[in-house]
Amino acid sequence: MSSRIRFKTFAILSLVALLGACATQPPEEAARGEVFDPYEKTNRGIHKFNLGVDRFLFRPASKGYVKIVPDPMVTSFSTFAENLTLPGQAVDYLLQGNLKQSGNALLRFAINMTVGGAGLSSPADELNLPPVDTDFGETLHVWGFGEGAYVELPFYGPSTTRDAVGVVVNLFSNPINFTPTRPVDNLGVYAEIVRRMGDRGRFSDTVDSILYESADSYAQARLIYLQNRRFELARDDEGAYLGLYDDPYADIGTDPVRDPYLDPYEDPYAE
Amino acid sequence: MQNNFLNRRHFIATGLAGLTATTLPLTALALTEANAVQLVNSVVADITRVIDSGKSEKAMLRDFQKIFVEYGDVPIMARYALGADARAASSSQLRQFTKAFEGYISRKYGRRFREFIGGEVTVRNARKIKNGYEVRTSVKLRGSAPFEVTFLVSDKSGSGKFYNMFIEGVNLLLTERTEIGAMLDARKGNLNQLIKDLNKTG
């Protein structure tokens, strides 16, 4: 047992060390919020593979799941999966130095696992506790690691080198995995798959429109993931978010013939 | 005498009022934070009215298009979405593209609005940004955690209109610029072909 934990610690440490060796984006590009995708060719290959998995496996399974299983049960299973992640999130908040949220995550876990019927519902939501949503990717962000390169992971989907390390670490960092009695090995992973099926099934039209109706689903998924992830991580930093606003009205009126007020392109060399 | 004076004053007052009334649409009053919030509230109310109307999808999409034109600064959005290719386009191409973009966006996002049935939008706050106001709202759908939708409003077009929208940080204009760019690449940069196809997309 203890040697297993030691192995995990070692694996995690070497993953974090790996981050330092990864390709990095020039800081000025990162500040402008640009996409850094040096592995695009490989990523596109994995994207194609993921599309196949979705089309023939995940999408039909998810649509069947939300069709057969009544809606409130789908919600319950998703809530259960989220509740299972709470002790892991408490650890991440602790590592981020956020004691308050760490306690909040544990409190939510205690309430939902007892009053909430073994985690199938979330009565803690009614208590006006602040929302809980973190992962080891965010912990690395707090520790000062940059986003790294964009990567698409097989079966998992869009990520970045930093967040991919987070995903792997979170597979092991949840204290639930170390409790002596567990009903099923890797329960959290199965619950997470069921939760993802619920989302895929419920929002199937929206996901379909991105994956199958877009002219370049790879580029759409990449952009949507990166923007949403940056938004999540910058949530408390209003200024950083504001800095990303592109001004389509900038440089108005340089071409009055074609359009009286439109010219959204900043070009310092224009006439 | 006094009567005359009053009459004259009255005349001047009405004259001034008339003058403001005629100049108002041309030089609209500067956009205020309250206006920007009001704009977002009205667009949400109008969209909700259409969703609740129970009309056919086709009729609803037509209504969404009207709302988009009324509240959105479509020309600047289309221009931005076209990206650098807008520079090389002729004015008639730009006009046609703007029209096609208007229909494409209305259809594409209009279809998504069905998922918003029973949703609640609350304005959380507004603040000044470089060219107008940012209005942050919180959207609560049945059975899911609230998420953030932010509208950017400007009066640079001559009247207060929204020109961009962020859903949980995802920039609608930037996403569409990527999509339009990919469509244009797939047509080897042929803008006329893109305009033709865009009229049937979404």
# chains A, B, ... in the order shown; residues from 1 in each chain; ligands from 1

call {"tool": "interface_residues", "arguments": {"of": "chain A", "to": "chain B", "cutoff": "6 Å", "atoms": "only C-alpha atoms", "output": "PyMOL selection string"}}
result
chain A and resi 215-216+224+227-228+231+258

call {"tool": "write_last_selection", "arguments": {"atoms": "C-alpha atoms", "output": "PDB file, in the first residue's frame"}}
result
ATOM      1  CA  ALA A 215     -16.411  24.127 -41.199  1.00  0.00           C
ATOM      2  CA  ASP A 216     -13.452  23.291 -38.944  1.00  0.00           C
ATOM      3  CA  ILE A 224     -14.068  27.470 -27.292  1.00  0.00           C
ATOM      4  CA  GLN A 227     -11.483  30.844 -23.993  1.00  0.00           C
ATOM      5  CA  ASN A 228     -13.697  29.091 -21.502  1.00  0.00           C
ATOM      6  CA  PHE A 231     -12.299  32.660 -18.262  1.00  0.00           C
ATOM      7  CA  ARG A 258     -16.885  51.943 -48.337  1.00  0.00           C
TER       8      ARG A 258
END

call {"tool": "select_by_dssp", "arguments": {"residues": "region 16-166 of chain A", "states": "helix (DSSP H, G or I)", "output": "PyMOL selection string"}}
result
chain A and resi 16-21+27-31+40-68+71-95+99-114+123-127+136-142+161-166

call {"tool": "residues_around", "arguments": {"residues": "region 161-172 of chain A", "least_positions_apart": "5", "cutoff": "6 Å", "atoms": "only C-alpha atoms", "output": "PyMOL selection string"}}
result
chain A and resi 136-137+147-149

call {"tool": "residues_around", "arguments": {"residues": "Glu102 (chain B)", "least_positions_apart": "4", "cutoff": "10 Å", "atoms": "only C-alpha atoms", "output": "PyMOL selection string"}}
result
chain B and resi 65-66+68-69+72+74-75+77-78+96-98+106-107+198-199

call {"tool": "closest_residue", "arguments": {"among": "A:Leu129, A:Glu28, A:Arg196, A:Leu120", "to": "Met73 (chain A)", "atoms": "only C-alpha atoms"}}
result
A:Leu120

call {"tool": "residues_around", "arguments": {"residues": "region 42-45 of chain A", "least_positions_apart": "5", "cutoff": "9 Å", "atoms": "only C-alpha atoms", "output": "list in words"}}
result
Asp37, Asn50, Tyr150, Val151, Glu152, Leu153 and Tyr218 of chain A

call {"tool": "atom_distance", "arguments": {"atom1": "CA of Thr150 (chain B)", "atom2": "CA of Leu61 (chain B)"}}
result
22.4 Å

call {"tool": "closest_residue", "arguments": {"among": "A:Pro158, A:Gly97, A:Pro123, A:Pro60", "to": "Glu138 (chain A)", "atoms": "only C-alpha atoms"}}
result
A:Gly97

call {"tool": "residues_around", "arguments": {"residues": "Glu34 (chain A)", "least_positions_apart": "5", "cutoff": "10 Å", "atoms": "only C-alpha atoms", "output": "list of chain:residue names"}}
result
A:Gln25, A:Glu28, A:Glu29, A:Leu223, A:Leu226, A:Gln227, A:Leu244

call {"tool": "write_last_selection", "arguments": {"atoms": "C-alpha atoms", "output": "PDB file, in the first residue's frame"}}
result
ATOM      1  CA  GLN A  25       4.506  30.273 -25.807  1.00  0.00           C
ATOM      2  CA  GLU A  28       3.632  38.596 -25.299  1.00  0.00           C
ATOM      3  CA  GLU A  29       1.480  36.205 -27.339  1.00  0.00           C
ATOM      4  CA  LEU A 223     -11.022  28.188 -29.435  1.00  0.00           C
ATOM      5  CA  LEU A 226      -9.229  27.821 -24.438  1.00  0.00           C
ATOM      6  CA  GLN A 227     -11.483  30.844 -23.993  1.00  0.00           C
ATOM      7  CA  LEU A 244      -8.840  40.605 -23.614  1.00  0.00           C
TER       8      LEU A 244
END

call {"tool": "closest_residue", "arguments": {"among": "B:Arg114, B:Lys200, B:Ile105, B:Phe162", "to": "Gly132 (chain B)", "atoms": "only C-alpha atoms"}}
result
B:Phe162

call {"tool": "residues_around", "arguments": {"residues": "Tyr212 (chain A)", "least_positions_apart": "6", "cutoff": "12 Å", "atoms": "only C-alpha atoms", "output": "VMD selection string"}}
result
chain A and resid 48 51 to 52 54 to 55 59 204 to 206 218 220 to 221

call {"tool": "select_by_dssp", "arguments": {"residues": "region 42-184 of chain B", "states": "strand (DSSP E)", "output": "mmCIF file with N, CA and C atoms, in the first residue's frame"}}
result
data_model
loop_
_atom_site.group_PDB
_atom_site.id
_atom_site.type_symbol
_atom_site.label_atom_id
_atom_site.label_comp_id
_atom_site.auth_asym_id
_atom_site.auth_seq_id
_atom_site.Cartn_x
_atom_site.Cartn_y
_atom_site.Cartn_z
ATOM 1 N N GLU B 120 -33.949 31.987 -16.965
ATOM 2 C CA GLU B 120 -34.075 33.318 -16.371
ATOM 3 C C GLU B 120 -32.777 34.088 -16.533
ATOM 4 N N VAL B 121 -32.897 35.318 -16.988
ATOM 5 C CA VAL B 121 -31.710 36.154 -17.173
ATOM 6 C C VAL B 121 -31.756 37.301 -16.174
ATOM 7 N N THR B 122 -30.706 37.438 -15.381
ATOM 8 C CA THR B 122 -30.644 38.540 -14.425
ATOM 9 C C THR B 122 -29.412 39.384 -14.718
ATOM 10 N N VAL B 123 -29.612 40.702 -14.825
ATOM 11 C CA VAL B 123 -28.462 41.587 -15.001
ATOM 12 C C VAL B 123 -27.752 41.706 -13.666
ATOM 13 N N ARG B 124 -26.440 41.392 -13.658
ATOM 14 C CA ARG B 124 -25.692 41.442 -12.401
ATOM 15 C C ARG B 124 -25.004 42.774 -12.212
ATOM 16 N N ASN B 125 -24.303 43.219 -13.230
ATOM 17 C CA ASN B 125 -23.698 44.538 -13.126
ATOM 18 C C ASN B 125 -23.326 45.072 -14.500
ATOM 19 N N ALA B 126 -22.977 46.340 -14.540
ATOM 20 C CA ALA B 126 -22.548 46.952 -15.789
ATOM 21 C C ALA B 126 -21.375 47.853 -15.475
ATOM 22 N N ARG B 127 -20.465 47.990 -16.432
ATOM 23 C CA ARG B 127 -19.365 48.934 -16.219
ATOM 24 C C ARG B 127 -18.901 49.485 -17.560
ATOM 25 N N LYS B 128 -18.240 50.620 -17.480
ATOM 26 C CA LYS B 128 -17.767 51.317 -18.670
ATOM 27 C C LYS B 128 -16.583 50.554 -19.254
ATOM 28 N N ILE B 129 -16.583 50.386 -20.574
ATOM 29 C CA ILE B 129 -15.392 49.905 -21.264
ATOM 30 C C ILE B 129 -15.044 50.919 -22.334
ATOM 31 N N GLY B 132 -17.975 51.741 -24.857
ATOM 32 C CA GLY B 132 -19.361 51.621 -24.434
ATOM 33 C C GLY B 132 -19.484 51.006 -23.059
ATOM 34 N N TYR B 133 -20.317 49.987 -22.967
ATOM 35 C CA TYR B 133 -20.536 49.352 -21.664
ATOM 36 C C TYR B 133 -20.507 47.845 -21.769
ATOM 37 N N GLU B 134 -20.073 47.246 -20.681
ATOM 38 C CA GLU B 134 -20.132 45.803 -20.545
ATOM 39 C C GLU B 134 -21.267 45.508 -19.567
ATOM 40 N N VAL B 135 -22.204 44.656 -19.985
ATOM 41 C CA VAL B 135 -23.318 44.298 -19.115
ATOM 42 C C VAL B 135 -23.244 42.802 -18.837
ATOM 43 N N ARG B 136 -23.046 42.469 -17.574
ATOM 44 C CA ARG B 136 -22.924 41.063 -17.209
ATOM 45 C C ARG B 136 -24.247 40.522 -16.697
ATOM 46 N N THR B 137 -24.641 39.389 -17.226
ATOM 47 C CA THR B 137 -25.874 38.783 -16.772
ATOM 48 C C THR B 137 -25.603 37.360 -16.311
ATOM 49 N N SER B 138 -26.531 36.867 -15.527
ATOM 50 C CA SER B 138 -26.435 35.491 -15.074
ATOM 51 C C SER B 138 -27.661 34.762 -15.621
ATOM 52 N N VAL B 139 -27.421 33.642 -16.299
ATOM 53 C CA VAL B 139 -28.519 32.902 -16.907
ATOM 54 C C VAL B 139 -28.726 31.599 -16.145
ATOM 55 N N LYS B 140 -29.958 31.392 -15.721
ATOM 56 C CA LYS B 140 -30.270 30.174 -14.974
ATOM 57 C C LYS B 140 -31.233 29.339 -15.807
ATOM 58 N N PHE B 147 -24.964 30.301 -15.429
ATOM 59 C CA PHE B 147 -23.735 30.631 -16.136
ATOM 60 C C PHE B 147 -23.768 32.092 -16.559
ATOM 61 N N GLU B 148 -22.595 32.591 -16.922
ATOM 62 C CA GLU B 148 -22.477 34.015 -17.166
ATOM 63 C C GLU B 148 -22.546 34.353 -18.646
ATOM 64 N N VAL B 149 -23.398 35.302 -18.999
ATOM 65 C CA VAL B 149 -23.454 35.818 -20.358
ATOM 66 C C VAL B 149 -23.213 37.319 -20.289
ATOM 67 N N THR B 150 -22.227 37.786 -21.028
ATOM 68 C CA THR B 150 -21.855 39.193 -20.999
ATOM 69 C C THR B 150 -22.144 39.832 -22.349
ATOM 70 N N PHE B 151 -22.791 40.988 -22.330
ATOM 71 C CA PHE B 151 -23.057 41.731 -23.562
ATOM 72 C C PHE B 151 -22.159 42.961 -23.608
ATOM 73 N N LEU B 152 -21.612 43.257 -24.778
ATOM 74 C CA LEU B 152 -20.884 44.504 -24.956
ATOM 75 C C LEU B 152 -21.747 45.424 -25.819
ATOM 76 N N VAL B 153 -21.983 46.627 -25.299
ATOM 77 C CA VAL B 153 -22.894 47.564 -25.951
ATOM 78 C C VAL B 153 -22.137 48.831 -26.317
ATOM 79 N N SER B 154 -22.398 49.350 -27.508
ATOM 80 C CA SER B 154 -21.749 50.589 -27.921
ATOM 81 C C SER B 154 -22.719 51.438 -28.728
ATOM 82 N N LYS B 161 -26.290 49.795 -29.437
ATOM 83 C CA LYS B 161 -26.523 48.430 -29.919
ATOM 84 C C LYS B 161 -25.455 47.507 -29.337
ATOM 85 N N PHE B 162 -25.798 46.218 -29.214
ATOM 86 C CA PHE B 162 -24.755 45.327 -28.736
ATOM 87 C C PHE B 162 -23.919 44.845 -29.908
ATOM 88 N N TYR B 163 -22.639 44.654 -29.679
ATOM 89 C CA TYR B 163 -21.769 44.252 -30.786
ATOM 90 C C TYR B 163 -20.988 42.988 -30.476
ATOM 91 N N ASN B 164 -21.115 42.463 -29.254
ATOM 92 C CA ASN B 164 -20.461 41.192 -28.967
ATOM 93 C C ASN B 164 -21.099 40.588 -27.720
ATOM 94 N N MET B 165 -20.874 39.302 -27.555
ATOM 95 C CA MET B 165 -21.492 38.565 -26.476
ATOM 96 C C MET B 165 -20.512 37.487 -26.041
ATOM 97 N N PHE B 166 -20.404 37.266 -24.726
ATOM 98 C CA PHE B 166 -19.523 36.228 -24.199
ATOM 99 C C PHE B 166 -20.349 35.259 -23.374
ATOM 100 N N ILE B 167 -20.256 33.989 -23.693
ATOM 101 C CA ILE B 167 -20.948 32.983 -22.896
ATOM 102 C C ILE B 167 -19.893 32.203 -22.134
ATOM 103 N N VAL B 170 -16.642 32.634 -23.625
ATOM 104 C CA VAL B 170 -16.455 32.328 -25.053
ATOM 105 C C VAL B 170 -16.994 33.484 -25.881
ATOM 106 N N ASN B 171 -16.087 34.086 -26.630
ATOM 107 C CA ASN B 171 -16.340 35.281 -27.407
ATOM 108 C C ASN B 171 -17.056 34.910 -28.700
#
